[in-house]
$ cat start-v9.cif   # mmCIF, C-alpha atoms
data_final
#
loop_
_atom_site.label_atom_id
_atom_site.label_comp_id
_atom_site.auth_asym_id
_atom_site.auth_seq_id
_atom_site.Cartn_x
_atom_site.Cartn_y
_atom_site.Cartn_z
CA MET A 1 -99.89 72.60 89.68
CA SER A 2 -100.13 68.88 90.33
CA SER A 3 -97.14 66.68 91.11
CA ASP A 4 -97.45 64.99 87.71
CA GLN A 5 -97.35 68.34 85.94
CA ALA A 6 -94.35 69.46 87.99
CA ALA A 7 -92.49 66.29 87.06
CA ILE A 8 -93.15 66.94 83.42
CA VAL A 9 -91.91 70.52 83.70
CA GLN A 10 -88.75 69.53 85.58
CA ALA A 11 -87.86 66.64 83.22
CA PRO A 12 -84.73 67.42 81.22
CA ALA A 13 -85.24 67.98 77.55
CA VAL A 14 -84.15 65.12 75.30
CA PRO A 15 -81.39 66.37 73.01
CA ALA A 16 -82.16 66.27 69.30
CA PRO A 17 -80.39 63.51 67.36
CA PRO A 18 -77.33 64.69 65.48
CA VAL A 19 -77.84 65.52 61.84
CA MET A 20 -76.21 62.86 59.66
CA ARG A 21 -74.16 64.52 56.94
CA PRO A 22 -72.48 62.27 54.39
CA ALA A 23 -68.73 62.74 54.55
CA MET A 24 -68.30 63.09 50.80
CA THR A 25 -64.62 63.89 50.95
CA ARG A 26 -63.92 60.93 53.23
CA THR A 27 -65.97 58.60 51.04
CA PHE A 28 -64.27 59.84 47.88
CA LEU A 29 -60.81 59.33 49.39
CA ALA A 30 -61.78 55.88 50.68
CA MET A 31 -62.85 54.84 47.18
CA MET A 32 -59.62 56.20 45.73
CA ALA A 33 -57.63 54.33 48.37
CA ARG A 34 -59.38 51.15 47.27
CA GLU A 35 -58.44 51.85 43.65
CA VAL A 36 -54.81 52.40 44.63
CA ARG A 37 -54.74 49.07 46.46
CA VAL A 38 -56.16 47.33 43.39
CA ILE A 39 -53.53 48.96 41.15
CA ARG A 40 -50.77 47.96 43.56
CA ARG A 41 -52.01 44.37 43.73
CA ASN A 42 -52.25 44.12 39.92
CA PHE A 43 -49.08 46.08 39.20
CA VAL A 44 -47.26 43.25 37.44
CA SER A 45 -50.15 42.45 35.09
CA THR A 46 -50.70 46.17 34.44
CA PHE A 47 -46.99 46.60 33.72
CA LEU A 48 -46.98 43.78 31.17
CA ARG A 49 -50.24 44.84 29.52
CA VAL A 50 -49.12 48.44 29.10
CA LEU A 51 -45.67 47.66 27.72
CA VAL A 52 -46.39 44.93 25.17
CA GLN A 53 -47.48 47.11 22.22
CA PRO A 54 -44.98 50.00 22.55
CA LEU A 55 -42.17 47.60 23.44
CA MET A 56 -42.69 45.55 20.29
CA PHE A 57 -43.05 48.66 18.12
CA VAL A 58 -39.86 50.24 19.46
CA PHE A 59 -38.00 46.92 19.21
CA VAL A 60 -38.91 46.49 15.53
CA PHE A 61 -38.53 50.07 14.28
CA ALA A 62 -35.73 51.36 16.50
CA TYR A 63 -33.66 48.19 16.89
CA VAL A 64 -34.39 45.45 14.35
CA LEU A 65 -34.75 47.53 11.16
CA PRO A 66 -31.63 49.65 11.76
CA LYS A 67 -29.68 46.46 12.61
CA ILE A 68 -30.58 44.80 9.31
CA GLY A 69 -29.84 47.99 7.38
CA THR A 70 -33.37 49.04 6.50
CA GLY A 71 -33.46 52.16 8.66
CA GLY A 72 -36.48 53.73 10.25
CA PRO A 73 -39.71 54.20 8.30
CA MET A 74 -38.87 57.89 7.93
CA GLY A 75 -35.38 57.21 6.68
CA GLY A 76 -33.61 58.59 9.76
CA GLU A 77 -30.20 57.25 10.76
CA ASP A 78 -29.56 59.74 13.56
CA GLY A 79 -32.39 58.85 15.93
CA SER A 80 -34.86 61.23 14.28
CA PHE A 81 -37.62 58.64 14.08
CA THR A 82 -37.12 57.38 17.64
CA THR A 83 -37.20 61.01 18.77
CA ILE A 84 -40.62 61.35 17.17
CA LEU A 85 -41.73 58.01 18.62
CA VAL A 86 -41.13 58.82 22.28
CA PRO A 87 -43.91 61.41 22.80
CA GLY A 88 -46.31 59.58 20.51
CA LEU A 89 -45.99 56.19 22.17
CA VAL A 90 -46.21 57.68 25.66
CA ALA A 91 -49.37 59.54 24.62
CA SER A 92 -50.88 56.46 22.98
CA SER A 93 -50.23 54.23 25.99
CA LEU A 94 -51.57 56.85 28.39
CA LEU A 95 -54.79 57.28 26.41
CA MET A 96 -55.37 53.56 25.82
CA GLN A 97 -54.79 52.66 29.46
CA ALA A 98 -57.05 55.43 30.78
CA VAL A 99 -59.87 54.59 28.35
CA MET A 100 -59.73 50.87 29.11
CA ALA A 101 -59.50 51.49 32.86
CA ALA A 102 -62.76 53.44 32.63
CA VAL A 103 -64.60 51.28 30.10
CA MET A 104 -63.92 47.69 31.16
CA PRO A 105 -65.00 47.89 34.84
CA LEU A 106 -68.04 49.92 33.83
CA MET A 107 -69.08 47.33 31.27
CA MET A 108 -69.13 44.68 34.00
CA GLU A 109 -70.83 46.90 36.56
CA LEU A 110 -73.62 47.84 34.14
CA SER A 111 -74.24 44.25 33.06
CA TRP A 112 -77.26 42.23 34.11
CA GLN A 113 -75.90 41.82 37.65
CA ARG A 114 -75.92 45.62 38.10
CA SER A 115 -73.09 45.62 40.61
CA ILE A 116 -72.91 49.40 40.15
CA SER A 117 -75.86 49.58 42.53
CA ASP A 118 -73.54 48.81 45.44
CA ARG A 119 -71.41 51.86 44.64
CA ALA A 120 -74.53 53.99 44.20
CA LEU A 121 -75.52 53.27 47.84
CA ALA A 122 -72.39 55.02 49.12
CA PRO A 123 -72.91 58.46 50.73
CA LEU A 124 -71.78 60.13 47.53
CA PRO A 125 -73.88 61.82 44.83
CA ILE A 126 -74.02 59.90 41.56
CA PRO A 127 -72.15 62.63 39.63
CA MET A 128 -69.38 62.53 42.23
CA LEU A 129 -69.22 58.76 41.79
CA ALA A 130 -68.61 59.41 38.10
CA ILE A 131 -65.85 61.88 39.01
CA GLN A 132 -64.28 59.23 41.24
CA LYS A 133 -64.26 56.73 38.39
CA ILE A 134 -62.71 59.29 36.04
CA THR A 135 -60.02 60.10 38.61
CA ALA A 136 -59.21 56.42 39.20
CA ALA A 137 -58.99 55.68 35.47
CA ALA A 138 -56.85 58.79 34.91
CA LEU A 139 -54.46 57.58 37.61
CA GLN A 140 -54.05 54.27 35.79
CA GLY A 141 -53.57 56.08 32.48
CA LEU A 142 -50.89 58.29 34.01
CA LEU A 143 -49.15 55.22 35.38
CA GLY A 144 -49.35 53.58 31.95
CA GLY A 145 -47.71 56.58 30.30
CA LEU A 146 -44.91 56.70 32.85
CA LEU A 147 -44.18 52.98 32.46
CA VAL A 148 -43.56 53.41 28.73
CA PHE A 149 -40.75 55.94 29.16
CA PRO A 150 -38.00 53.38 29.94
CA ALA A 151 -38.90 51.26 26.89
CA VAL A 152 -38.94 54.08 24.35
CA LEU A 153 -35.83 55.74 25.79
CA PHE A 154 -33.48 52.80 26.17
CA ILE A 155 -34.42 50.21 23.51
CA HIS A 156 -32.74 51.22 20.26
CA ALA A 157 -29.87 50.34 17.96
CA ASP A 158 -26.55 52.15 17.93
CA GLY A 159 -27.01 55.66 16.63
CA GLN A 160 -30.80 55.54 17.07
CA ALA A 161 -30.97 57.04 20.56
CA PRO A 162 -33.79 59.59 20.81
CA ARG A 163 -32.87 63.19 21.55
CA ILE A 164 -35.05 64.00 24.54
CA HIS A 165 -34.92 66.83 27.02
CA VAL A 166 -37.68 68.42 29.08
CA SER A 167 -38.07 71.97 27.85
CA SER A 168 -40.89 72.80 30.27
CA TRP A 169 -41.91 70.75 33.28
CA ALA A 170 -45.11 72.77 33.56
CA ILE A 171 -46.19 71.80 30.03
CA LEU A 172 -45.19 68.18 30.61
CA VAL A 173 -47.17 67.85 33.86
CA MET A 174 -50.18 69.72 32.48
CA THR A 175 -50.26 67.64 29.31
CA MET A 176 -50.00 64.29 31.07
CA VAL A 177 -52.51 65.11 33.83
CA ALA A 178 -55.03 66.81 31.55
CA GLY A 179 -54.55 64.12 28.90
CA SER A 180 -55.17 61.30 31.36
CA LEU A 181 -58.31 63.02 32.70
CA LEU A 182 -59.52 63.68 29.14
CA ALA A 183 -59.01 60.04 28.15
CA ALA A 184 -60.66 58.74 31.33
CA ALA A 185 -63.69 61.02 30.86
CA GLY A 186 -63.96 59.90 27.24
CA GLY A 187 -63.74 56.28 28.34
CA LEU A 188 -66.50 56.73 30.90
CA LEU A 189 -68.65 58.43 28.27
CA LEU A 190 -68.10 55.57 25.82
CA GLY A 191 -68.79 53.01 28.53
CA THR A 192 -72.20 54.54 29.22
CA LEU A 193 -73.14 54.81 25.55
CA ILE A 194 -71.94 51.47 24.13
CA ASP A 195 -73.82 48.25 24.66
CA PRO A 196 -71.64 45.92 26.79
CA GLN A 197 -72.23 43.13 24.26
CA LYS A 198 -70.69 45.26 21.50
CA THR A 199 -67.42 46.09 23.22
CA GLN A 200 -65.42 44.88 20.20
CA MET A 201 -66.76 47.89 18.28
CA LEU A 202 -64.82 50.09 20.70
CA PHE A 203 -61.53 48.69 19.44
CA ALA A 204 -62.40 48.52 15.75
CA LEU A 205 -64.24 51.82 15.33
CA VAL A 206 -62.77 54.04 18.05
CA LEU A 207 -59.42 53.08 19.56
CA LEU A 208 -57.67 51.82 16.42
CA PRO A 209 -58.47 54.93 14.30
CA LEU A 210 -57.57 57.18 17.24
CA THR A 211 -54.15 55.55 17.51
CA MET A 212 -53.30 55.33 13.81
CA LEU A 213 -54.42 58.92 13.09
CA GLY A 214 -53.35 60.45 16.41
CA CYS A 215 -49.94 61.76 15.31
CA VAL A 216 -48.24 58.98 17.27
CA TYR A 217 -45.73 58.07 14.54
CA TYR A 218 -45.44 61.47 12.90
CA PRO A 219 -45.88 65.12 13.96
CA TRP A 220 -49.08 66.96 13.12
CA ALA A 221 -47.18 69.43 10.95
CA ALA A 222 -46.14 66.58 8.64
CA LEU A 223 -49.78 66.18 7.60
CA GLY A 224 -49.60 69.50 5.77
CA GLU A 225 -49.13 67.55 2.53
CA VAL A 226 -52.56 65.96 3.14
CA ARG A 227 -54.47 69.04 4.19
CA TRP A 228 -57.88 67.43 4.55
CA LEU A 229 -56.49 64.77 6.87
CA GLN A 230 -54.63 67.39 8.89
CA ILE A 231 -57.90 69.24 9.47
CA ALA A 232 -59.89 66.06 10.18
CA SER A 233 -57.31 64.93 12.75
CA LEU A 234 -58.15 67.98 14.87
CA PHE A 235 -61.18 66.01 16.10
CA ASN A 236 -58.84 63.35 17.51
CA PRO A 237 -57.94 64.04 21.18
CA LEU A 238 -54.80 61.93 20.90
CA VAL A 239 -53.36 64.50 18.47
CA TYR A 240 -53.29 67.16 21.18
CA LEU A 241 -51.81 64.80 23.74
CA SER A 242 -49.05 63.73 21.34
CA GLU A 243 -48.31 67.30 20.31
CA GLY A 244 -48.25 68.49 23.91
CA LEU A 245 -45.69 65.86 24.83
CA ARG A 246 -43.62 66.78 21.76
CA ALA A 247 -43.61 70.40 22.88
CA ALA A 248 -42.39 69.34 26.32
CA LEU A 249 -39.96 66.54 25.38
CA THR A 250 -38.80 67.23 21.82
CA PRO A 251 -39.18 70.99 21.26
CA GLU A 252 -36.89 70.87 18.22
CA VAL A 253 -39.53 68.81 16.38
CA GLU A 254 -42.19 71.04 14.85
CA HIS A 255 -45.36 70.90 16.95
CA MET A 256 -48.64 72.70 17.62
CA PRO A 257 -48.59 76.02 19.47
CA THR A 258 -48.84 75.64 23.23
CA TRP A 259 -52.11 77.56 23.41
CA ALA A 260 -53.73 75.24 20.86
CA PHE A 261 -53.10 71.88 22.54
CA SER A 262 -53.55 73.36 26.04
CA LEU A 263 -56.96 74.77 25.16
CA ALA A 264 -58.01 71.51 23.52
CA LEU A 265 -56.86 69.35 26.45
CA LEU A 266 -58.31 71.51 29.23
CA GLY A 267 -61.50 72.42 27.38
CA GLY A 268 -62.02 68.87 26.15
CA THR A 269 -61.58 67.52 29.68
CA ALA A 270 -64.25 69.88 31.01
CA VAL A 271 -66.74 69.07 28.23
CA LEU A 272 -66.24 65.29 28.29
CA THR A 273 -66.42 65.20 32.10
CA TRP A 274 -69.72 67.09 32.05
CA LEU A 275 -71.15 64.77 29.39
CA ALA A 276 -69.84 61.63 31.10
CA THR A 277 -71.36 62.54 34.47
CA ARG A 278 -74.74 63.11 32.84
CA THR A 279 -74.80 59.86 30.88
CA PHE A 280 -73.38 57.93 33.85
CA THR A 281 -76.09 59.29 36.17
CA ARG A 282 -78.77 58.38 33.64
CA ARG A 283 -77.48 54.80 33.25
CA VAL A 284 -77.17 54.23 37.00
CA LEU A 285 -80.66 55.53 37.80
CA THR A 286 -82.45 53.63 35.00
#
$ encode --input "start-v9.cif" --output "C-alpha coordinates"
Amino acid sequence: MSSDQAAIVQAPAVPAPPVMRPAMTRTFLAMMAREVRVIRRNFVSTFLRVLVQPLMFVFVFAYVLPKIGTGGPMGGEDGSFTTILVPGLVASSLLMQAVMAAVMPLMMELSWQRSISDRALAPLPIPMLAIQKITAAALQGLLGGLLVFPAVLFIHADGQAPRIHVSSWAILVMTMVAGSLLAAAGGLLLGTLIDPQKTQMLFALVLLPLTMLGCVYYPWAALGEVRWLQIASLFNPLVYLSEGLRAALTPEVEHMPTWAFSLALLGGTAVLTWLATRTFTRRVLT
(Lines of atoms letter the chains of each structure in order from A and count residues from 1; the text may use other names and numbers.)
(Lines give C-alpha, C1' and ligand atoms only; values in the text may rest on other atoms or scores of the structure.)
Protein backbone atom coordinates (compact mmCIF):
# COMPACT_ATOMS: atom_id res chain seq x y z
CA MET A 1 0.00 0.00 0.00
CA SER A 2 1.41 3.36 -1.00
CA SER A 3 1.77 6.29 1.38
CA ASP A 4 -1.02 8.16 -0.43
CA GLN A 5 -3.37 5.22 0.00
CA ALA A 6 -2.47 4.88 3.68
CA ALA A 7 -3.23 8.55 4.23
CA ILE A 8 -6.60 8.11 2.65
CA VAL A 9 -7.38 5.10 4.82
CA GLN A 10 -6.26 6.83 8.03
CA ALA A 11 -8.15 10.08 7.33
CA PRO A 12 -11.04 10.54 9.76
CA ALA A 13 -14.47 10.25 8.28
CA VAL A 14 -16.33 13.53 7.80
CA PRO A 15 -19.48 13.46 9.93
CA ALA A 16 -22.74 13.71 8.02
CA PRO A 17 -24.51 17.08 8.29
CA PRO A 18 -27.34 17.12 10.80
CA VAL A 19 -30.79 16.57 9.40
CA MET A 20 -32.77 19.82 9.49
CA ARG A 21 -36.21 19.19 10.94
CA PRO A 22 -38.62 22.12 11.06
CA ALA A 23 -39.57 22.82 14.66
CA MET A 24 -43.30 23.03 13.96
CA THR A 25 -44.30 23.42 17.57
CA ARG A 26 -41.76 26.18 18.14
CA THR A 27 -42.81 27.98 14.96
CA PHE A 28 -46.50 27.68 15.84
CA LEU A 29 -45.90 29.09 19.33
CA ALA A 30 -43.75 31.89 17.93
CA MET A 31 -46.55 32.91 15.58
CA MET A 32 -49.06 32.80 18.42
CA ALA A 33 -46.74 34.91 20.57
CA ARG A 34 -46.68 37.47 17.79
CA GLU A 35 -50.49 37.50 17.69
CA VAL A 36 -50.64 38.01 21.45
CA ARG A 37 -48.29 40.98 21.20
CA VAL A 38 -50.45 42.50 18.47
CA ILE A 39 -53.59 42.02 20.60
CA ARG A 40 -51.87 43.58 23.61
CA ARG A 41 -50.67 46.55 21.57
CA ASN A 42 -54.14 47.13 20.09
CA PHE A 43 -56.07 46.35 23.27
CA VAL A 44 -57.66 49.78 23.61
CA SER A 45 -58.94 49.88 20.02
CA THR A 46 -60.13 46.26 20.31
CA PHE A 47 -61.90 47.10 23.58
CA LEU A 48 -63.75 50.04 22.03
CA ARG A 49 -64.63 48.19 18.83
CA VAL A 50 -66.04 45.19 20.67
CA LEU A 51 -68.11 47.16 23.17
CA VAL A 52 -69.80 49.78 20.98
CA GLN A 53 -72.71 47.69 19.64
CA PRO A 54 -73.64 45.71 22.79
CA LEU A 55 -73.08 48.77 24.99
CA MET A 56 -75.51 50.88 22.98
CA PHE A 57 -78.06 48.07 22.79
CA VAL A 58 -77.97 47.43 26.54
CA PHE A 59 -78.06 51.17 27.27
CA VAL A 60 -81.20 51.68 25.16
CA PHE A 61 -83.19 48.56 26.07
CA ALA A 62 -82.10 47.98 29.66
CA TYR A 63 -81.67 51.58 30.83
CA VAL A 64 -83.33 54.21 28.63
CA LEU A 65 -86.64 52.48 27.85
CA PRO A 66 -87.33 51.39 31.45
CA LYS A 67 -86.43 54.92 32.64
CA ILE A 68 -88.97 56.56 30.34
CA GLY A 69 -91.63 53.99 31.25
CA THR A 70 -91.71 51.98 28.04
CA GLY A 71 -90.26 48.78 29.47
CA GLY A 72 -88.26 46.18 27.64
CA PRO A 73 -89.32 44.93 24.21
CA MET A 74 -90.62 41.75 25.84
CA GLY A 75 -92.60 43.62 28.44
CA GLY A 76 -90.44 42.55 31.40
CA GLU A 77 -90.16 44.77 34.46
CA ASP A 78 -88.18 42.33 36.59
CA GLY A 79 -85.01 42.02 34.52
CA SER A 80 -86.37 39.18 32.39
CA PHE A 81 -85.30 40.77 29.12
CA THR A 82 -81.83 41.74 30.36
CA THR A 83 -81.46 38.17 31.62
CA ILE A 84 -82.12 36.95 28.08
CA LEU A 85 -79.79 39.60 26.65
CA VAL A 86 -76.66 38.64 28.56
CA PRO A 87 -75.93 35.26 26.89
CA GLY A 88 -77.09 36.48 23.49
CA LEU A 89 -74.94 39.60 23.40
CA VAL A 90 -71.88 37.75 24.69
CA ALA A 91 -72.38 35.12 21.99
CA SER A 92 -72.91 37.73 19.27
CA SER A 93 -69.81 39.71 20.22
CA LEU A 94 -67.70 36.56 20.46
CA LEU A 95 -68.78 35.37 17.02
CA MET A 96 -68.45 38.76 15.31
CA GLN A 97 -65.01 39.39 16.75
CA ALA A 98 -63.69 35.93 15.84
CA VAL A 99 -65.06 36.11 12.28
CA MET A 100 -63.65 39.58 11.66
CA ALA A 101 -60.29 38.66 13.22
CA ALA A 102 -60.03 35.82 10.70
CA VAL A 103 -61.49 37.56 7.64
CA MET A 104 -59.96 41.04 7.64
CA PRO A 105 -56.24 40.12 7.88
CA LEU A 106 -56.77 37.36 5.33
CA MET A 107 -58.40 39.75 2.88
CA MET A 108 -55.29 41.95 2.99
CA GLU A 109 -52.86 39.04 2.84
CA LEU A 110 -54.57 37.54 -0.21
CA SER A 111 -54.72 40.85 -2.07
CA TRP A 112 -52.52 41.70 -5.03
CA GLN A 113 -49.46 42.13 -2.78
CA ARG A 114 -49.79 38.49 -1.64
CA SER A 115 -48.18 39.11 1.73
CA ILE A 116 -49.41 35.65 2.75
CA SER A 117 -46.40 34.29 0.86
CA ASP A 118 -44.13 35.44 3.69
CA ARG A 119 -46.06 33.32 6.19
CA ALA A 120 -46.05 30.38 3.77
CA LEU A 121 -42.22 30.35 3.84
CA ALA A 122 -42.19 29.55 7.55
CA PRO A 123 -41.21 25.97 8.50
CA LEU A 124 -44.85 25.09 8.97
CA PRO A 125 -47.17 23.12 6.65
CA ILE A 126 -49.83 25.24 4.99
CA PRO A 127 -52.70 23.46 6.80
CA MET A 128 -50.97 24.15 10.12
CA LEU A 129 -50.69 27.80 9.12
CA ALA A 130 -54.46 27.77 8.69
CA ILE A 131 -54.84 26.21 12.15
CA GLN A 132 -52.63 28.96 13.58
CA LYS A 133 -54.83 31.63 12.02
CA ILE A 134 -57.97 29.96 13.38
CA THR A 135 -56.43 29.76 16.85
CA ALA A 136 -55.37 33.42 16.80
CA ALA A 137 -58.80 34.59 15.62
CA ALA A 138 -60.52 32.38 18.23
CA LEU A 139 -58.37 33.98 20.93
CA GLN A 140 -59.56 37.43 19.85
CA GLY A 141 -63.16 36.23 19.72
CA LEU A 142 -62.87 34.82 23.23
CA LEU A 143 -61.44 38.11 24.43
CA GLY A 144 -64.30 39.97 22.73
CA GLY A 145 -66.89 37.82 24.50
CA LEU A 146 -65.26 38.32 27.89
CA LEU A 147 -65.10 42.10 27.44
CA VAL A 148 -68.87 42.28 26.94
CA PHE A 149 -69.71 40.73 30.31
CA PRO A 150 -69.22 43.92 32.38
CA ALA A 151 -71.43 45.97 30.03
CA VAL A 152 -74.36 43.57 29.94
CA LEU A 153 -74.18 42.82 33.67
CA PHE A 154 -73.88 46.30 35.15
CA ILE A 155 -75.61 48.73 32.77
CA HIS A 156 -79.34 48.65 33.54
CA ALA A 157 -82.10 50.63 35.19
CA ASP A 158 -83.38 49.96 38.68
CA GLY A 159 -85.17 46.64 38.79
CA GLN A 160 -83.71 45.52 35.45
CA ALA A 161 -80.67 43.68 36.80
CA PRO A 162 -80.18 40.36 34.98
CA ARG A 163 -80.44 37.17 37.01
CA ILE A 164 -77.18 35.41 36.19
CA HIS A 165 -75.43 32.51 37.84
CA VAL A 166 -73.07 29.92 36.41
CA SER A 167 -74.82 26.58 36.62
CA SER A 168 -71.94 24.66 35.03
CA TRP A 169 -68.42 25.96 34.50
CA ALA A 170 -67.69 23.01 32.21
CA ILE A 171 -70.55 23.97 29.86
CA LEU A 172 -69.55 27.63 29.99
CA VAL A 173 -65.90 26.98 29.12
CA MET A 174 -66.75 24.41 26.44
CA THR A 175 -69.30 26.70 24.82
CA MET A 176 -67.06 29.75 24.72
CA VAL A 177 -63.94 27.90 23.52
CA ALA A 178 -65.75 25.74 20.96
CA GLY A 179 -67.85 28.71 19.84
CA SER A 180 -64.80 30.92 19.30
CA LEU A 181 -63.04 28.17 17.32
CA LEU A 182 -66.20 27.55 15.28
CA ALA A 183 -66.55 31.25 14.46
CA ALA A 184 -62.85 31.61 13.61
CA ALA A 185 -62.93 28.57 11.31
CA GLY A 186 -66.05 29.93 9.63
CA GLY A 187 -64.36 33.30 9.21
CA LEU A 188 -61.29 31.73 7.62
CA LEU A 189 -63.53 29.74 5.28
CA LEU A 190 -65.43 32.87 4.25
CA GLY A 191 -62.18 34.78 3.80
CA THR A 192 -60.90 32.19 1.32
CA LEU A 193 -64.17 32.04 -0.62
CA ILE A 194 -65.17 35.71 -0.87
CA ASP A 195 -63.53 38.11 -3.28
CA PRO A 196 -61.66 40.76 -1.24
CA GLN A 197 -63.34 43.49 -3.32
CA LYS A 198 -66.77 42.25 -2.22
CA THR A 199 -66.19 42.31 1.52
CA GLN A 200 -69.34 44.40 2.07
CA MET A 201 -71.38 41.35 1.05
CA LEU A 202 -70.06 39.61 4.16
CA PHE A 203 -71.86 42.11 6.38
CA ALA A 204 -75.06 42.39 4.38
CA LEU A 205 -75.62 38.75 3.45
CA VAL A 206 -73.88 36.81 6.24
CA LEU A 207 -73.18 38.61 9.51
CA LEU A 208 -76.36 40.68 9.78
CA PRO A 209 -78.75 37.73 9.21
CA LEU A 210 -76.67 35.57 11.56
CA THR A 211 -77.01 38.15 14.32
CA MET A 212 -80.68 39.01 13.87
CA LEU A 213 -81.76 35.36 13.59
CA GLY A 214 -79.22 33.90 16.01
CA CYS A 215 -81.43 33.85 19.12
CA VAL A 216 -79.50 36.79 20.55
CA TYR A 217 -82.58 38.73 21.73
CA TYR A 218 -84.87 35.78 22.38
CA PRO A 219 -84.46 32.09 23.29
CA TRP A 220 -84.76 29.44 20.60
CA ALA A 221 -87.80 27.94 22.30
CA ALA A 222 -89.69 31.21 21.76
CA LEU A 223 -89.62 30.55 18.01
CA GLY A 224 -92.04 27.67 18.49
CA GLU A 225 -94.84 30.00 17.36
CA VAL A 226 -93.03 30.37 14.01
CA ARG A 227 -92.13 26.75 13.43
CA TRP A 228 -90.56 27.16 10.00
CA LEU A 229 -88.22 29.86 11.29
CA GLN A 230 -87.33 27.75 14.32
CA ILE A 231 -86.27 24.92 12.02
CA ALA A 232 -84.44 27.22 9.59
CA SER A 233 -82.49 28.81 12.44
CA LEU A 234 -80.86 25.45 13.16
CA PHE A 235 -78.50 26.22 10.26
CA ASN A 236 -77.28 29.32 12.13
CA PRO A 237 -74.20 28.56 14.29
CA LEU A 238 -74.89 31.57 16.50
CA VAL A 239 -78.07 29.85 17.73
CA TYR A 240 -76.06 27.07 19.36
CA LEU A 241 -73.58 29.49 20.89
CA SER A 242 -76.38 31.62 22.36
CA GLU A 243 -78.26 28.60 23.66
CA GLY A 244 -75.11 27.10 25.17
CA LEU A 245 -74.41 30.28 27.09
CA ARG A 246 -78.04 30.39 28.25
CA ALA A 247 -77.70 26.86 29.57
CA ALA A 248 -74.58 27.88 31.49
CA LEU A 249 -75.57 31.38 32.67
CA THR A 250 -79.37 31.47 32.78
CA PRO A 251 -80.54 27.87 33.26
CA GLU A 252 -84.00 29.02 34.35
CA VAL A 253 -84.62 30.34 30.82
CA GLU A 254 -85.78 27.57 28.50
CA HIS A 255 -82.92 26.48 26.24
CA MET A 256 -81.76 23.68 23.95
CA PRO A 257 -80.68 20.36 25.47
CA THR A 258 -76.99 20.24 26.32
CA TRP A 259 -76.32 17.38 23.92
CA ALA A 260 -77.83 19.34 21.02
CA PHE A 261 -75.76 22.53 21.22
CA SER A 262 -72.63 20.62 22.31
CA LEU A 263 -72.82 18.31 19.30
CA ALA A 264 -73.44 21.24 16.96
CA LEU A 265 -70.56 23.32 18.35
CA LEU A 266 -67.97 20.53 18.49
CA GLY A 267 -69.03 18.87 15.24
CA GLY A 268 -69.36 22.19 13.43
CA THR A 269 -65.89 23.23 14.59
CA ALA A 270 -64.37 20.01 13.21
CA VAL A 271 -66.17 20.30 9.85
CA LEU A 272 -65.50 24.01 9.32
CA THR A 273 -61.85 23.64 10.33
CA TRP A 274 -61.38 20.83 7.81
CA LEU A 275 -63.05 22.85 5.05
CA ALA A 276 -61.16 26.04 5.95
CA THR A 277 -57.76 24.34 5.87
CA ARG A 278 -58.50 22.92 2.43
CA THR A 279 -59.69 26.18 0.89
CA PHE A 280 -56.89 28.13 2.60
CA THR A 281 -54.24 25.75 1.24
CA ARG A 282 -55.72 26.04 -2.25
CA ARG A 283 -55.74 29.86 -2.15
CA VAL A 284 -52.18 30.09 -0.83
CA LEU A 285 -50.73 27.69 -3.41
CA THR A 286 -52.52 29.22 -6.43
$ residues_near_point --input "start-v9.cif" --point "(-48.1, 68.5, 32.2)" --cutoff "12 Å" --atoms "all atoms listed in the file" --output "number ranges by chain"
A: 91, 142, 166-181, 241-249, 258, 261-262, 265-266
$ resolve_selection --input "start-v9.cif" --expression "the PyMOL selection byres ((chain A and resi 39) around 12)" --output "MDAnalysis selection string"
chainID A and resid 32:38 40:47 101 136:137 139:141 143:144
$ closest_residue --input "start-v9.cif" --among "A:Leu223, A:Leu188, A:Arg283, A:Leu51" --to "Val239 of chain A" --atoms "only C-alpha atoms"
A:Leu223
$ closest_atom_pairs --input "start-v9.cif" --of "segment 83-168 of chain A" --to "segment 207-215 of chain A" --cutoff "9 Å" --atoms "only C-alpha atoms" --output "CSV"
residue,atom,partner,partner_atom,distance
A:Gly88,CA,A:Cys215,CA,6.7
A:Ser92,CA,A:Thr211,CA,6.4
A:Met96,CA,A:Leu207,CA,7.5
A:Val99,CA,A:Leu207,CA,8.9
$ atom_distance --input "start-v9.cif" --atom1 "atom CA of Glu254 of chain A" --atom2 "atom CA of Asp158 of chain A"
24.7 Å
$ atom_distance --input "start-v9.cif" --atom1 "atom CA of Gly268 of chain A" --atom2 "atom CA of Ala185 of chain A"
9.3 Å
$ atom_distance --input "start-v9.cif" --atom1 "atom CA of Gly145 of chain A" --atom2 "atom CA of Leu229 of chain A"
26.3 Å
$ residues_near_point --input "start-v9.cif" --point "(-63.2, 58.5, 49.6)" --cutoff "12 Å" --atoms "all atoms listed in the file" --output "PyMOL selection string"
chain A and resi 22-36+119+122-124+128-129+131-133+135-136
$ closest_residue --input "start-v9.cif" --among "A:Leu202, A:Val86, A:Ala264, A:Met108" --to "Ala161 of chain A" --atoms "all atoms listed in the file"
A:Val86
$ resolve_selection --input "start-v9.cif" --expression "the PyMOL selection byres ((chain A and resi 163) around 10)" --output "PyMOL selection string"
chain A and resi 78-84+86+153+160-162+164-165+249-250+252
$ write_last_selection --input "start-v9.cif" --atoms "C-alpha atoms" --output "short mmCIF file (atom, residue, chain, number, x, y, z; two decimals), keeping the file's coordinate frame"
data_model
loop_
_atom_site.label_atom_id
_atom_site.label_comp_id
_atom_site.auth_asym_id
_atom_site.auth_seq_id
_atom_site.Cartn_x
_atom_site.Cartn_y
_atom_site.Cartn_z
CA ASP A 78 -29.56 59.74 13.56
CA GLY A 79 -32.39 58.85 15.93
CA SER A 80 -34.86 61.23 14.28
CA PHE A 81 -37.62 58.64 14.08
CA THR A 82 -37.12 57.38 17.64
CA THR A 83 -37.20 61.01 18.77
CA ILE A 84 -40.62 61.35 17.17
CA VAL A 86 -41.13 58.82 22.28
CA LEU A 153 -35.83 55.74 25.79
CA GLN A 160 -30.80 55.54 17.07
CA ALA A 161 -30.97 57.04 20.56
CA PRO A 162 -33.79 59.59 20.81
CA ILE A 164 -35.05 64.00 24.54
CA HIS A 165 -34.92 66.83 27.02
CA LEU A 249 -39.96 66.54 25.38
CA THR A 250 -38.80 67.23 21.82
CA GLU A 252 -36.89 70.87 18.22
#
$ closest_residue --input "start-v9.cif" --among "A:Lys67, A:Arg282, A:His156, A:Arg49" --to "Met100 of chain A" --atoms "all atoms listed in the file"
A:Arg49
$ closest_residue --input "start-v9.cif" --among "A:Ala183, A:Thr286, A:Thr269, A:Ser233" --to "Ala102 of chain A" --atoms "only C-alpha atoms"
A:Ala183
$ resolve_selection --input "start-v9.cif" --expression "the PyMOL selection byres ((chain A and resi 192-197) around 8)" --output "number ranges by chain"
A: 106-108, 110-111, 188-191, 198-199, 276, 279-280, 283
$ closest_residue --input "start-v9.cif" --among "A:Leu95, A:Ala222, A:Ala184, A:Leu48" --to "Asn236 of chain A" --atoms "only C-alpha atoms"
A:Leu95
$ closest_residue --input "start-v9.cif" --among "A:Leu275, A:Leu147, A:Ala138, A:Ala270" --to "Val90 of chain A" --atoms "all atoms listed in the file"
A:Leu147
